[in-house]
file structure_21.pdb (PDB, C-alpha atoms, pLDDT in the B column)
ATOM      1  CA  ASP A 210      10.824   3.929 -10.223  1.00 81.00           C
ATOM      2  CA  SER A 211       7.034   4.348 -10.050  1.00 85.00           C
ATOM      3  CA  GLY A 212       7.054   7.971 -11.216  1.00 92.00           C
ATOM      4  CA  VAL A 213       5.551   9.190  -7.926  1.00 96.00           C
ATOM      5  CA  THR A 214       7.879  11.512  -6.038  1.00 97.00           C
ATOM      6  CA  GLN A 215       7.854  12.388  -2.368  1.00 97.00           C
ATOM      7  CA  THR A 216       9.831  14.903  -0.381  1.00 97.00           C
ATOM      8  CA  PRO A 217      11.546  14.955   1.977  1.00 97.00           C
ATOM      9  CA  LYS A 218      12.892  11.424   2.237  1.00 96.00           C
ATOM     10  CA  HIS A 219      13.625  11.750   5.924  1.00 96.00           C
ATOM     11  CA  LEU A 220      12.312  14.096   8.566  1.00 97.00           C
ATOM     12  CA  ILE A 221      13.292  14.328  12.220  1.00 97.00           C
ATOM     13  CA  THR A 222      11.333  16.613  14.474  1.00 97.00           C
ATOM     14  CA  ALA A 223      10.165  17.039  18.048  1.00 97.00           C
ATOM     15  CA  THR A 224       6.863  16.373  19.749  1.00 97.00           C
ATOM     16  CA  GLY A 225       4.370  19.171  19.374  1.00 97.00           C
ATOM     17  CA  GLN A 226       5.787  20.355  16.067  1.00 97.00           C
ATOM     18  CA  ARG A 227       4.129  20.550  12.654  1.00 98.00           C
ATOM     19  CA  VAL A 228       5.491  19.141   9.404  1.00 98.00           C
ATOM     20  CA  THR A 229       4.417  19.071   5.768  1.00 98.00           C
ATOM     21  CA  LEU A 230       5.007  16.131   3.469  1.00 98.00           C
ATOM     22  CA  ARG A 231       4.845  16.642  -0.272  1.00 98.00           C
ATOM     23  CA  CYS A 232       3.835  14.304  -3.081  1.00 98.00           C
ATOM     24  CA  SER A 233       3.849  14.661  -6.854  1.00 97.00           C
ATOM     25  CA  PRO A 234       1.778  12.045  -8.688  1.00 96.00           C
ATOM     26  CA  ARG A 235       2.760  10.363 -11.941  1.00 95.00           C
ATOM     27  CA  SER A 236       2.222  12.423 -15.046  1.00 93.00           C
ATOM     28  CA  GLY A 237      -1.445  12.205 -16.024  1.00 91.00           C
ATOM     29  CA  ASP A 238      -2.667  10.747 -12.741  1.00 93.00           C
ATOM     30  CA  LEU A 239      -5.437  12.691 -11.039  1.00 92.00           C
ATOM     31  CA  SER A 240      -5.841  10.653  -7.840  1.00 92.00           C
ATOM     32  CA  VAL A 241      -3.519  10.874  -4.869  1.00 94.00           C
ATOM     33  CA  TYR A 242      -3.702   8.588  -1.850  1.00 94.00           C
ATOM     34  CA  TRP A 243      -1.888   8.953   1.456  1.00 96.00           C
ATOM     35  CA  TYR A 244      -0.898   6.040   3.684  1.00 95.00           C
ATOM     36  CA  GLN A 245       0.837   5.634   7.007  1.00 96.00           C
ATOM     37  CA  GLN A 246       2.973   2.554   7.657  1.00 94.00           C
ATOM     38  CA  SER A 247       4.089   1.731  11.165  1.00 90.00           C
ATOM     39  CA  LEU A 248       5.421  -1.478  12.656  1.00 81.00           C
ATOM     40  CA  ASP A 249       2.402  -2.097  14.859  1.00 78.00           C
ATOM     41  CA  GLN A 250      -0.380  -0.920  12.527  1.00 78.00           C
ATOM     42  CA  GLY A 251       0.878  -1.932   9.108  1.00 85.00           C
ATOM     43  CA  LEU A 252      -0.093   0.101   6.054  1.00 89.00           C
ATOM     44  CA  GLN A 253      -3.106   2.274   6.834  1.00 91.00           C
ATOM     45  CA  PHE A 254      -5.075   4.319   4.330  1.00 91.00           C
ATOM     46  CA  LEU A 255      -5.398   7.951   5.404  1.00 94.00           C
ATOM     47  CA  ILE A 256      -7.088   9.974   2.678  1.00 94.00           C
ATOM     48  CA  GLN A 257      -7.636  10.227  -1.070  1.00 92.00           C
ATOM     49  CA  TYR A 258      -7.937  13.213  -3.394  1.00 94.00           C
ATOM     50  CA  TYR A 259      -9.107  13.292  -6.977  1.00 92.00           C
ATOM     51  CA  ASN A 260      -8.389  16.355  -9.088  1.00 93.00           C
ATOM     52  CA  GLY A 261      -8.325  18.613  -6.071  1.00 95.00           C
ATOM     53  CA  GLU A 262     -11.310  17.197  -4.221  1.00 94.00           C
ATOM     54  CA  GLU A 263     -11.360  14.898  -1.240  1.00 94.00           C
ATOM     55  CA  ARG A 264     -12.856  11.532  -2.272  1.00 89.00           C
ATOM     56  CA  ALA A 265     -12.335   9.110   0.581  1.00 88.00           C
ATOM     57  CA  LYS A 266     -11.204   9.232   4.152  1.00 90.00           C
ATOM     58  CA  GLY A 267      -9.669   6.463   6.204  1.00 89.00           C
ATOM     59  CA  ASN A 268      -8.020   6.389   9.588  1.00 83.00           C
ATOM     60  CA  ILE A 269      -6.787   9.958   9.503  1.00 93.00           C
ATOM     61  CA  LEU A 270      -6.404  11.789  12.795  1.00 95.00           C
ATOM     62  CA  GLU A 271      -7.899  15.233  13.261  1.00 96.00           C
ATOM     63  CA  ARG A 272      -4.363  16.566  13.772  1.00 97.00           C
ATOM     64  CA  PHE A 273      -3.601  15.550  10.189  1.00 97.00           C
ATOM     65  CA  SER A 274      -4.881  17.273   7.079  1.00 97.00           C
ATOM     66  CA  ALA A 275      -4.189  17.111   3.389  1.00 97.00           C
ATOM     67  CA  GLN A 276      -4.898  18.974   0.197  1.00 97.00           C
ATOM     68  CA  GLN A 277      -4.333  18.608  -3.506  1.00 97.00           C
ATOM     69  CA  PHE A 278      -3.346  21.663  -5.498  1.00 97.00           C
ATOM     70  CA  PRO A 279      -4.319  22.703  -9.055  1.00 96.00           C
ATOM     71  CA  ASP A 280      -1.029  21.313 -10.387  1.00 95.00           C
ATOM     72  CA  LEU A 281      -2.117  18.002  -8.755  1.00 96.00           C
ATOM     73  CA  HIS A 282       0.666  17.771  -6.220  1.00 97.00           C
ATOM     74  CA  SER A 283      -0.520  17.016  -2.723  1.00 98.00           C
ATOM     75  CA  GLU A 284       0.603  17.889   0.765  1.00 98.00           C
ATOM     76  CA  LEU A 285      -0.029  16.060   4.020  1.00 98.00           C
ATOM     77  CA  ASN A 286       0.167  18.270   7.080  1.00 98.00           C
ATOM     78  CA  LEU A 287       0.839  16.670  10.458  1.00 98.00           C
ATOM     79  CA  SER A 288       0.494  18.881  13.519  1.00 97.00           C
ATOM     80  CA  SER A 289       0.913  18.575  17.295  1.00 97.00           C
ATOM     81  CA  LEU A 290       3.155  15.631  16.573  1.00 97.00           C
ATOM     82  CA  GLU A 291       3.371  12.765  19.044  1.00 97.00           C
ATOM     83  CA  LEU A 292       5.937  10.008  19.394  1.00 96.00           C
ATOM     84  CA  GLY A 293       3.428   7.568  17.936  1.00 94.00           C
ATOM     85  CA  ASP A 294       3.302   9.508  14.676  1.00 96.00           C
ATOM     86  CA  SER A 295       6.761   8.207  13.823  1.00 96.00           C
ATOM     87  CA  ALA A 296       6.206   6.119  10.710  1.00 96.00           C
ATOM     88  CA  LEU A 297       6.692   5.869   6.987  1.00 96.00           C
ATOM     89  CA  TYR A 298       4.247   7.997   5.041  1.00 97.00           C
ATOM     90  CA  PHE A 299       3.518   6.951   1.490  1.00 97.00           C
ATOM     91  CA  CYS A 300       1.753   8.680  -1.300  1.00 96.00           C
ATOM     92  CA  ALA A 301       0.271   6.785  -4.250  1.00 94.00           C
ATOM     93  CA  SER A 302      -1.425   7.822  -7.468  1.00 94.00           C
ATOM     94  CA  SER A 303      -3.636   6.178 -10.053  1.00 89.00           C
ATOM     95  CA  PHE A 304      -4.878   6.752 -13.596  1.00 83.00           C
ATOM     96  CA  PRO A 305      -8.010   8.755 -14.321  1.00 76.00           C
ATOM     97  CA  GLY A 306     -10.898   6.339 -14.620  1.00 72.00           C
ATOM     98  CA  GLN A 307      -9.116   3.768 -12.493  1.00 71.00           C
ATOM     99  CA  GLY A 308      -9.319   3.455  -8.786  1.00 70.00           C
ATOM    100  CA  ALA A 309      -7.135   2.339  -5.973  1.00 68.00           C
ATOM    101  CA  GLU A 310      -6.835  -1.121  -7.516  1.00 68.00           C
ATOM    102  CA  THR A 311      -4.101   0.197  -9.826  1.00 78.00           C
ATOM    103  CA  GLN A 312      -2.315   2.671  -7.623  1.00 86.00           C
ATOM    104  CA  TYR A 313       1.447   3.210  -7.735  1.00 90.00           C
ATOM    105  CA  PHE A 314       3.393   4.159  -4.636  1.00 93.00           C
ATOM    106  CA  GLY A 315       6.129   6.698  -4.090  1.00 95.00           C
ATOM    107  CA  PRO A 316       9.297   5.972  -2.109  1.00 95.00           C
ATOM    108  CA  GLY A 317       7.885   7.377   1.123  1.00 96.00           C
ATOM    109  CA  THR A 318       8.876   9.904   3.764  1.00 97.00           C
ATOM    110  CA  ARG A 319      10.334   8.503   6.952  1.00 96.00           C
ATOM    111  CA  LEU A 320       9.216  10.622   9.893  1.00 97.00           C
ATOM    112  CA  LEU A 321      10.853  10.368  13.277  1.00 97.00           C
ATOM    113  CA  VAL A 322       9.333  12.281  16.169  1.00 97.00           C
ATOM    114  CA  LEU A 323      11.631  12.650  19.187  1.00 96.00           C
TER
ATOM    115  CA  GLN B 212     -12.882  -9.089  12.761  1.00 69.00           C
ATOM    116  CA  LYS B 213     -10.316  -7.441  10.500  1.00 77.00           C
ATOM    117  CA  GLU B 214     -11.268  -6.977   6.861  1.00 85.00           C
ATOM    118  CA  VAL B 215      -8.047  -8.627   5.689  1.00 89.00           C
ATOM    119  CA  GLU B 216      -5.846 -10.980   7.672  1.00 90.00           C
ATOM    120  CA  GLN B 217      -2.404 -12.176   6.688  1.00 91.00           C
ATOM    121  CA  ASP B 218       0.155 -14.358   8.400  1.00 84.00           C
ATOM    122  CA  PRO B 219       3.121 -12.055   9.132  1.00 80.00           C
ATOM    123  CA  GLY B 220       5.705 -14.832   8.879  1.00 82.00           C
ATOM    124  CA  PRO B 221       8.627 -14.544   8.530  1.00 90.00           C
ATOM    125  CA  LEU B 222       8.861 -17.237   5.899  1.00 94.00           C
ATOM    126  CA  SER B 223      12.255 -18.601   4.949  1.00 96.00           C
ATOM    127  CA  VAL B 224      12.691 -20.907   1.934  1.00 96.00           C
ATOM    128  CA  PRO B 225      15.605 -22.231  -0.145  1.00 97.00           C
ATOM    129  CA  GLU B 226      16.186 -20.854  -3.610  1.00 97.00           C
ATOM    130  CA  GLY B 227      14.064 -22.628  -6.217  1.00 97.00           C
ATOM    131  CA  ALA B 228      11.237 -23.493  -3.814  1.00 97.00           C
ATOM    132  CA  ILE B 229       7.585 -22.807  -4.489  1.00 97.00           C
ATOM    133  CA  VAL B 230       6.277 -20.187  -2.109  1.00 97.00           C
ATOM    134  CA  SER B 231       2.663 -19.877  -1.041  1.00 96.00           C
ATOM    135  CA  LEU B 232       1.473 -16.642   0.564  1.00 96.00           C
ATOM    136  CA  ASN B 233      -2.076 -16.359   1.832  1.00 95.00           C
ATOM    137  CA  CYS B 234      -4.700 -13.954   3.091  1.00 94.00           C
ATOM    138  CA  THR B 235      -8.271 -14.255   4.262  1.00 94.00           C
ATOM    139  CA  TYR B 236     -10.886 -11.564   4.028  1.00 92.00           C
ATOM    140  CA  SER B 237     -14.200 -11.007   5.729  1.00 89.00           C
ATOM    141  CA  ASN B 238     -16.475  -9.224   3.241  1.00 85.00           C
ATOM    142  CA  SER B 239     -17.933 -11.451   0.543  1.00 83.00           C
ATOM    143  CA  ALA B 240     -18.720  -8.360  -1.563  1.00 84.00           C
ATOM    144  CA  PHE B 241     -15.046  -7.763  -2.322  1.00 83.00           C
ATOM    145  CA  GLN B 242     -14.249  -8.419  -5.961  1.00 84.00           C
ATOM    146  CA  TYR B 243     -10.770  -7.042  -6.659  1.00 86.00           C
ATOM    147  CA  PHE B 244      -7.733  -8.466  -4.978  1.00 91.00           C
ATOM    148  CA  MET B 245      -4.182  -7.228  -5.210  1.00 92.00           C
ATOM    149  CA  TRP B 246      -0.717  -8.303  -4.228  1.00 95.00           C
ATOM    150  CA  TYR B 247       2.074  -5.854  -3.528  1.00 94.00           C
ATOM    151  CA  ARG B 248       5.758  -6.474  -2.982  1.00 96.00           C
ATOM    152  CA  GLN B 249       7.707  -4.175  -0.697  1.00 95.00           C
ATOM    153  CA  TYR B 250      11.461  -4.230  -0.455  1.00 94.00           C
ATOM    154  CA  SER B 251      13.031  -2.892   2.719  1.00 89.00           C
ATOM    155  CA  ARG B 252      12.846   0.909   2.949  1.00 84.00           C
ATOM    156  CA  LYS B 253      10.962   1.166  -0.354  1.00 89.00           C
ATOM    157  CA  GLY B 254       7.374   1.836  -1.362  1.00 91.00           C
ATOM    158  CA  PRO B 255       5.010  -1.052  -2.107  1.00 92.00           C
ATOM    159  CA  GLU B 256       5.051  -2.158  -5.749  1.00 91.00           C
ATOM    160  CA  LEU B 257       1.919  -3.535  -7.390  1.00 89.00           C
ATOM    161  CA  LEU B 258       2.612  -7.122  -8.462  1.00 92.00           C
ATOM    162  CA  MET B 259      -0.737  -8.373  -9.638  1.00 89.00           C
ATOM    163  CA  TYR B 260      -4.402  -7.748  -9.327  1.00 85.00           C
ATOM    164  CA  THR B 261      -7.232 -10.149 -10.002  1.00 86.00           C
ATOM    165  CA  TYR B 262     -10.951  -9.766 -10.366  1.00 81.00           C
ATOM    166  CA  SER B 263     -13.403 -12.201  -8.822  1.00 76.00           C
ATOM    167  CA  SER B 264     -12.448 -15.857  -8.612  1.00 75.00           C
ATOM    168  CA  GLY B 265      -9.905 -17.993 -10.366  1.00 79.00           C
ATOM    169  CA  ASN B 266      -6.234 -17.805 -11.207  1.00 87.00           C
ATOM    170  CA  LYS B 267      -4.074 -15.214 -12.874  1.00 90.00           C
ATOM    171  CA  GLU B 268      -0.547 -15.951 -13.938  1.00 92.00           C
ATOM    172  CA  ASP B 269       2.321 -13.561 -14.658  1.00 92.00           C
ATOM    173  CA  GLY B 270       5.684 -15.180 -15.168  1.00 95.00           C
ATOM    174  CA  ARG B 271       6.688 -16.967 -11.981  1.00 97.00           C
ATOM    175  CA  PHE B 272       3.779 -15.462 -10.053  1.00 96.00           C
ATOM    176  CA  THR B 273       0.250 -16.846  -9.809  1.00 95.00           C
ATOM    177  CA  ALA B 274      -2.563 -15.155  -7.912  1.00 95.00           C
ATOM    178  CA  GLN B 275      -5.498 -17.274  -6.882  1.00 94.00           C
ATOM    179  CA  VAL B 276      -8.854 -16.273  -5.431  1.00 92.00           C
ATOM    180  CA  ASP B 277     -11.308 -18.602  -3.750  1.00 90.00           C
ATOM    181  CA  LYS B 278     -14.392 -16.522  -3.072  1.00 87.00           C
ATOM    182  CA  SER B 279     -16.292 -19.395  -1.498  1.00 88.00           C
ATOM    183  CA  SER B 280     -13.790 -19.565   1.347  1.00 90.00           C
ATOM    184  CA  LYS B 281     -12.740 -15.885   1.149  1.00 91.00           C
ATOM    185  CA  TYR B 282      -9.150 -16.890   0.662  1.00 91.00           C
ATOM    186  CA  ILE B 283      -6.538 -15.366  -1.629  1.00 93.00           C
ATOM    187  CA  SER B 284      -3.113 -16.752  -2.426  1.00 94.00           C
ATOM    188  CA  LEU B 285       0.049 -15.755  -4.217  1.00 96.00           C
ATOM    189  CA  PHE B 286       2.324 -18.501  -5.478  1.00 96.00           C
ATOM    190  CA  ILE B 287       5.914 -17.861  -6.488  1.00 97.00           C
ATOM    191  CA  ARG B 288       7.568 -20.571  -8.557  1.00 97.00           C
ATOM    192  CA  ASP B 289      11.327 -21.070  -8.730  1.00 97.00           C
ATOM    193  CA  SER B 290      11.843 -18.497  -5.982  1.00 97.00           C
ATOM    194  CA  GLN B 291      14.956 -16.326  -6.221  1.00 97.00           C
ATOM    195  CA  PRO B 292      16.919 -14.398  -3.583  1.00 97.00           C
ATOM    196  CA  SER B 293      15.681 -11.234  -5.310  1.00 96.00           C
ATOM    197  CA  ASP B 294      12.143 -12.251  -4.267  1.00 97.00           C
ATOM    198  CA  SER B 295      13.112 -11.613  -0.643  1.00 97.00           C
ATOM    199  CA  ALA B 296      10.695  -8.884   0.428  1.00 96.00           C
ATOM    200  CA  THR B 297       7.465  -8.320   2.285  1.00 95.00           C
ATOM    201  CA  TYR B 298       4.349  -9.308   0.354  1.00 97.00           C
ATOM    202  CA  LEU B 299       1.093  -7.538   1.115  1.00 95.00           C
ATOM    203  CA  CYS B 300      -2.338  -8.554   0.014  1.00 95.00           C
ATOM    204  CA  ALA B 301      -4.742  -5.695  -0.520  1.00 92.00           C
ATOM    205  CA  ILE B 302      -8.413  -5.227  -1.229  1.00 89.00           C
ATOM    206  CA  PRO B 303      -9.989  -2.025  -2.532  1.00 82.00           C
ATOM    207  CA  SER B 304     -13.316  -0.963  -1.069  1.00 72.00           C
ATOM    208  CA  GLY B 305     -15.449   2.141  -0.714  1.00 66.00           C
ATOM    209  CA  GLY B 306     -16.112   2.247  -4.454  1.00 64.00           C
ATOM    210  CA  TYR B 307     -12.446   1.430  -5.104  1.00 59.00           C
ATOM    211  CA  GLN B 308     -11.370   4.676  -3.490  1.00 66.00           C
ATOM    212  CA  LYS B 309      -9.605   3.122  -0.522  1.00 77.00           C
ATOM    213  CA  VAL B 310      -7.497   0.042  -0.045  1.00 84.00           C
ATOM    214  CA  THR B 311      -7.223  -2.193   2.993  1.00 87.00           C
ATOM    215  CA  PHE B 312      -3.889  -3.942   3.279  1.00 90.00           C
ATOM    216  CA  GLY B 313      -2.930  -7.103   5.078  1.00 92.00           C
ATOM    217  CA  THR B 314      -0.110  -6.787   7.569  1.00 91.00           C
ATOM    218  CA  GLY B 315       2.337  -8.349   5.098  1.00 93.00           C
ATOM    219  CA  THR B 316       4.352 -11.573   5.060  1.00 94.00           C
ATOM    220  CA  LYS B 317       8.116 -11.206   5.156  1.00 94.00           C
ATOM    221  CA  LEU B 318       9.760 -13.684   2.793  1.00 96.00           C
ATOM    222  CA  GLN B 319      13.418 -14.616   2.718  1.00 96.00           C
ATOM    223  CA  VAL B 320      14.779 -16.801  -0.083  1.00 97.00           C
ATOM    224  CA  ILE B 321      18.068 -18.391   0.912  1.00 97.00           C
ATOM    225  CA  PRO B 322      20.641 -18.942  -1.915  1.00 95.00           C
TER
END
call {"tool": "encode", "arguments": {"input": "structure_21.pdb", "output": "structure tokens"}}
result
Amino acid sequence: DSGVTQTPKHLITATGQRVTLRCSPRSGDLSVYWYQQSLDQGLQFLIQYYNGEERAKGNILERFSAQQFPDLHSELNLSSLELGDSALYFCASSFPGQGAETQYFGPGTRLLVL
Amino acid sequence: QKEVEQDPGPLSVPEGAIVSLNCTYSNSAFQYFMWYRQYSRKGPELLMYTYSSGNKEDGRFTAQVDKSSKYISLFIRDSQPSDSATYLCAIPSGGYQKVTFGTGTKLQVIP
């Protein structure tokens, strides 16, 4: 158990809908990273937050957005969902003063868009 | 050219074999290199990270970096069925704020 928690574990929804994925980092970690893992694209970095501020952006679609709250939990919002958004979504966190080279992953949210 | 390339396998070996997993990368400025292990339906787990060139050993696992050829390797000695997983190489970039992952090599260790 990495100490990073994600909810829900599974999510089934329809095209065009909007969902919110939640992540709580390990105690003391200030950075949160979001990743998407699909069979054809592998593990893709989406976005990173540090203590509430966006720090880095990867291959995140405009239909997706994220934020990190004062209690350091983070939410990833996916809207206008398409079939191709079906994937595993992972959140990771890392220690203050350390970067993505020491990040720890949560168990993921499996999203299925029908 | 992709920043990180990894043979997807699958790789099947008998228990006790030495396993070699490899990745190549394109940017010579990369200095940190990581290996993650991912069991089916679980999140990736950080196995090892190394800085610059050379070897780093941790139990049955050895990570090796050859910066001259932009090649990174993970060796598993005395492989066990519990090592059956997907292994992903990863390289942080963008001031260590983002990580680029290889596609992963699926390993199966046969008892």
call {"tool": "closest_residue", "arguments": {"input": "structure_21.pdb", "among": "B:Glu216, B:Glu256, B:Glu226, B:Asp269", "to": "chain A", "atoms": "only C-alpha atoms"}}
result
B:Glu256
call {"tool": "interface_residues", "arguments": {"input": "structure_21.pdb", "of": "chain A", "to": "chain B", "cutoff": "10 Å", "atoms": "all atoms listed in the file", "output": "MDAnalysis selection string"}}
result
chainID A and resid 210:211 240 242:244 246 248:259 264:267 297:301 307:319
call {"tool": "write_last_selection", "arguments": {"input": "structure_21.pdb", "atoms": "C-alpha atoms", "output": "mmCIF file, keeping the file's coordinate frame"}}
result
data_model
loop_
_atom_site.group_PDB
_atom_site.id
_atom_site.type_symbol
_atom_site.label_atom_id
_atom_site.label_comp_id
_atom_site.auth_asym_id
_atom_site.auth_seq_id
_atom_site.Cartn_x
_atom_site.Cartn_y
_atom_site.Cartn_z
ATOM 1 C CA ASP A 210 10.824 3.929 -10.223
ATOM 2 C CA SER A 211 7.034 4.348 -10.050
ATOM 3 C CA SER A 240 -5.841 10.653 -7.840
ATOM 4 C CA TYR A 242 -3.702 8.588 -1.850
ATOM 5 C CA TRP A 243 -1.888 8.953 1.456
ATOM 6 C CA TYR A 244 -0.898 6.040 3.684
ATOM 7 C CA GLN A 246 2.973 2.554 7.657
ATOM 8 C CA LEU A 248 5.421 -1.478 12.656
ATOM 9 C CA ASP A 249 2.402 -2.097 14.859
ATOM 10 C CA GLN A 250 -0.380 -0.920 12.527
ATOM 11 C CA GLY A 251 0.878 -1.932 9.108
ATOM 12 C CA LEU A 252 -0.093 0.101 6.054
ATOM 13 C CA GLN A 253 -3.106 2.274 6.834
ATOM 14 C CA PHE A 254 -5.075 4.319 4.330
ATOM 15 C CA LEU A 255 -5.398 7.951 5.404
ATOM 16 C CA ILE A 256 -7.088 9.974 2.678
ATOM 17 C CA GLN A 257 -7.636 10.227 -1.070
ATOM 18 C CA TYR A 258 -7.937 13.213 -3.394
ATOM 19 C CA TYR A 259 -9.107 13.292 -6.977
ATOM 20 C CA ARG A 264 -12.856 11.532 -2.272
ATOM 21 C CA ALA A 265 -12.335 9.110 0.581
ATOM 22 C CA LYS A 266 -11.204 9.232 4.152
ATOM 23 C CA GLY A 267 -9.669 6.463 6.204
ATOM 24 C CA LEU A 297 6.692 5.869 6.987
ATOM 25 C CA TYR A 298 4.247 7.997 5.041
ATOM 26 C CA PHE A 299 3.518 6.951 1.490
ATOM 27 C CA CYS A 300 1.753 8.680 -1.300
ATOM 28 C CA ALA A 301 0.271 6.785 -4.250
ATOM 29 C CA GLN A 307 -9.116 3.768 -12.493
ATOM 30 C CA GLY A 308 -9.319 3.455 -8.786
ATOM 31 C CA ALA A 309 -7.135 2.339 -5.973
ATOM 32 C CA GLU A 310 -6.835 -1.121 -7.516
ATOM 33 C CA THR A 311 -4.101 0.197 -9.826
ATOM 34 C CA GLN A 312 -2.315 2.671 -7.623
ATOM 35 C CA TYR A 313 1.447 3.210 -7.735
ATOM 36 C CA PHE A 314 3.393 4.159 -4.636
ATOM 37 C CA GLY A 315 6.129 6.698 -4.090
ATOM 38 C CA PRO A 316 9.297 5.972 -2.109
ATOM 39 C CA GLY A 317 7.885 7.377 1.123
ATOM 40 C CA THR A 318 8.876 9.904 3.764
ATOM 41 C CA ARG A 319 10.334 8.503 6.952
#
call {"tool": "resolve_selection", "arguments": {"input": "structure_21.pdb", "expression": "the PyMOL selection byres ((chain A and resi 320) around 9)", "output": "list in words"}}
result
Lys218, His219, Leu220, Ile221, Thr222, Asp294, Ser295, Ala296, Leu297, Tyr298, Thr318, Arg319, Leu321 and Val322 of chain A
call {"tool": "write_last_selection", "arguments": {"input": "structure_21.pdb", "atoms": "C-alpha atoms", "output": "JSON list (two decimals), keeping the file's coordinate frame"}}
result
[["chain", "number", "residue", "atom", "x", "y", "z"],
["A", 218, "LYS", "CA", 12.89, 11.42, 2.24],
["A", 219, "HIS", "CA", 13.62, 11.75, 5.92],
["A", 220, "LEU", "CA", 12.31, 14.10, 8.57],
["A", 221, "ILE", "CA", 13.29, 14.33, 12.22],
["A", 222, "THR", "CA", 11.33, 16.61, 14.47],
["A", 294, "ASP", "CA", 3.30, 9.51, 14.68],
["A", 295, "SER", "CA", 6.76, 8.21, 13.82],
["A", 296, "ALA", "CA", 6.21, 6.12, 10.71],
["A", 297, "LEU", "CA", 6.69, 5.87, 6.99],
["A", 298, "TYR", "CA", 4.25, 8.00, 5.04],
["A", 318, "THR", "CA", 8.88, 9.90, 3.76],
["A", 319, "ARG", "CA", 10.33, 8.50, 6.95],
["A", 321, "LEU", "CA", 10.85, 10.37, 13.28],
["A", 322, "VAL", "CA", 9.33, 12.28, 16.17]]
call {"tool": "residues_around", "arguments": {"input": "structure_21.pdb", "residues": "Gln291 (chain B)", "least_positions_apart": "4", "cutoff": "9 Å", "atoms": "only C-alpha atoms", "output": "ChimeraX atom specification"}}
result
/B:225-228,295,320-322
call {"tool": "resolve_selection", "arguments": {"input": "structure_21.pdb", "expression": "the PyMOL selection byres ((chain B and resi 280) around 12)", "output": "list in words"}}
result
Cys234, Thr235, Tyr236, Ser237, Asn238, Ser239, Ser264, Gln275, Val276, Asp277, Lys278, Ser279, Lys281, Tyr282, Ile283 and Ser284 of chain B
call {"tool": "closest_residue", "arguments": {"input": "structure_21.pdb", "among": "A:Thr224, A:Asn260, A:Thr229, A:Ser236", "to": "Phe273 (chain A)", "atoms": "only C-alpha atoms"}}
result
A:Thr229
call {"tool": "atom_distance", "arguments": {"input": "structure_21.pdb", "atom1": "CA of Ser302 (chain A)", "atom2": "CA of Pro292 (chain B)"}}
result
29.1 Å
call {"tool": "closest_residue", "arguments": {"input": "structure_21.pdb", "among": "B:Ile287, B:Ser263, B:Cys300, B:Ile229", "to": "Glu214 (chain B)", "atoms": "only C-alpha atoms"}}
result
B:Cys300
call {"tool": "atom_distance", "arguments": {"input": "structure_21.pdb", "atom1": "CA of Gly261 (chain A)", "atom2": "CA of His282 (chain A)"}}
result
9.0 Å
call {"tool": "atom_distance", "arguments": {"input": "structure_21.pdb", "atom1": "CA of Asp218 (chain B)", "atom2": "CA of Gln319 (chain B)"}}
result
14.4 Å
call {"tool": "resolve_selection", "arguments": {"input": "structure_21.pdb", "expression": "the PyMOL selection byres ((chain A and resi 276) around 9)", "output": "VMD selection string"}}
result
chain A and resid 258 261 to 263 274 to 275 277 to 278 282 to 286
call {"tool": "build_atoms", "arguments": {"input": "structure_21.pdb", "residues": "region 291-298 of chain A", "atoms": "N, CA, C and O atoms", "output": "PDB file, in the frame of the given file"}}
result
ATOM      1  N   GLU A 291       3.144  13.629  17.883  1.00 97.00           N
ATOM      2  CA  GLU A 291       3.371  12.765  19.044  1.00 97.00           C
ATOM      3  C   GLU A 291       4.376  11.689  18.642  1.00 97.00           C
ATOM      4  O   GLU A 291       4.597  11.430  17.460  1.00 97.00           O
ATOM      5  N   LEU A 292       4.952  11.056  19.670  1.00 96.00           N
ATOM      6  CA  LEU A 292       5.937  10.008  19.394  1.00 96.00           C
ATOM      7  C   LEU A 292       5.354   8.934  18.484  1.00 96.00           C
ATOM      8  O   LEU A 292       6.027   8.406  17.595  1.00 96.00           O
ATOM      9  N   GLY A 293       4.085   8.622  18.700  1.00 94.00           N
ATOM     10  CA  GLY A 293       3.428   7.568  17.936  1.00 94.00           C
ATOM     11  C   GLY A 293       3.193   7.898  16.473  1.00 94.00           C
ATOM     12  O   GLY A 293       2.781   7.027  15.707  1.00 94.00           O
ATOM     13  N   ASP A 294       3.457   9.133  16.086  1.00 96.00           N
ATOM     14  CA  ASP A 294       3.302   9.508  14.676  1.00 96.00           C
ATOM     15  C   ASP A 294       4.530   9.117  13.861  1.00 96.00           C
ATOM     16  O   ASP A 294       4.520   9.231  12.631  1.00 96.00           O
ATOM     17  N   SER A 295       5.562   8.669  14.531  1.00 96.00           N
ATOM     18  CA  SER A 295       6.761   8.207  13.823  1.00 96.00           C
ATOM     19  C   SER A 295       6.376   7.021  12.949  1.00 96.00           C
ATOM     20  O   SER A 295       5.845   6.026  13.438  1.00 96.00           O
ATOM     21  N   ALA A 296       6.638   7.152  11.669  1.00 96.00           N
ATOM     22  CA  ALA A 296       6.206   6.119  10.710  1.00 96.00           C
ATOM     23  C   ALA A 296       6.737   6.489   9.340  1.00 96.00           C
ATOM     24  O   ALA A 296       7.335   7.543   9.139  1.00 96.00           O
ATOM     25  N   LEU A 297       6.466   5.578   8.399  1.00 96.00           N
ATOM     26  CA  LEU A 297       6.692   5.869   6.987  1.00 96.00           C
ATOM     27  C   LEU A 297       5.386   6.385   6.415  1.00 96.00           C
ATOM     28  O   LEU A 297       4.329   5.778   6.628  1.00 96.00           O
ATOM     29  N   TYR A 298       5.446   7.454   5.678  1.00 97.00           N
ATOM     30  CA  TYR A 298       4.247   7.997   5.041  1.00 97.00           C
ATOM     31  C   TYR A 298       4.420   7.873   3.531  1.00 97.00           C
ATOM     32  O   TYR A 298       5.374   8.378   2.946  1.00 97.00           O
TER      33      TYR A 298
END
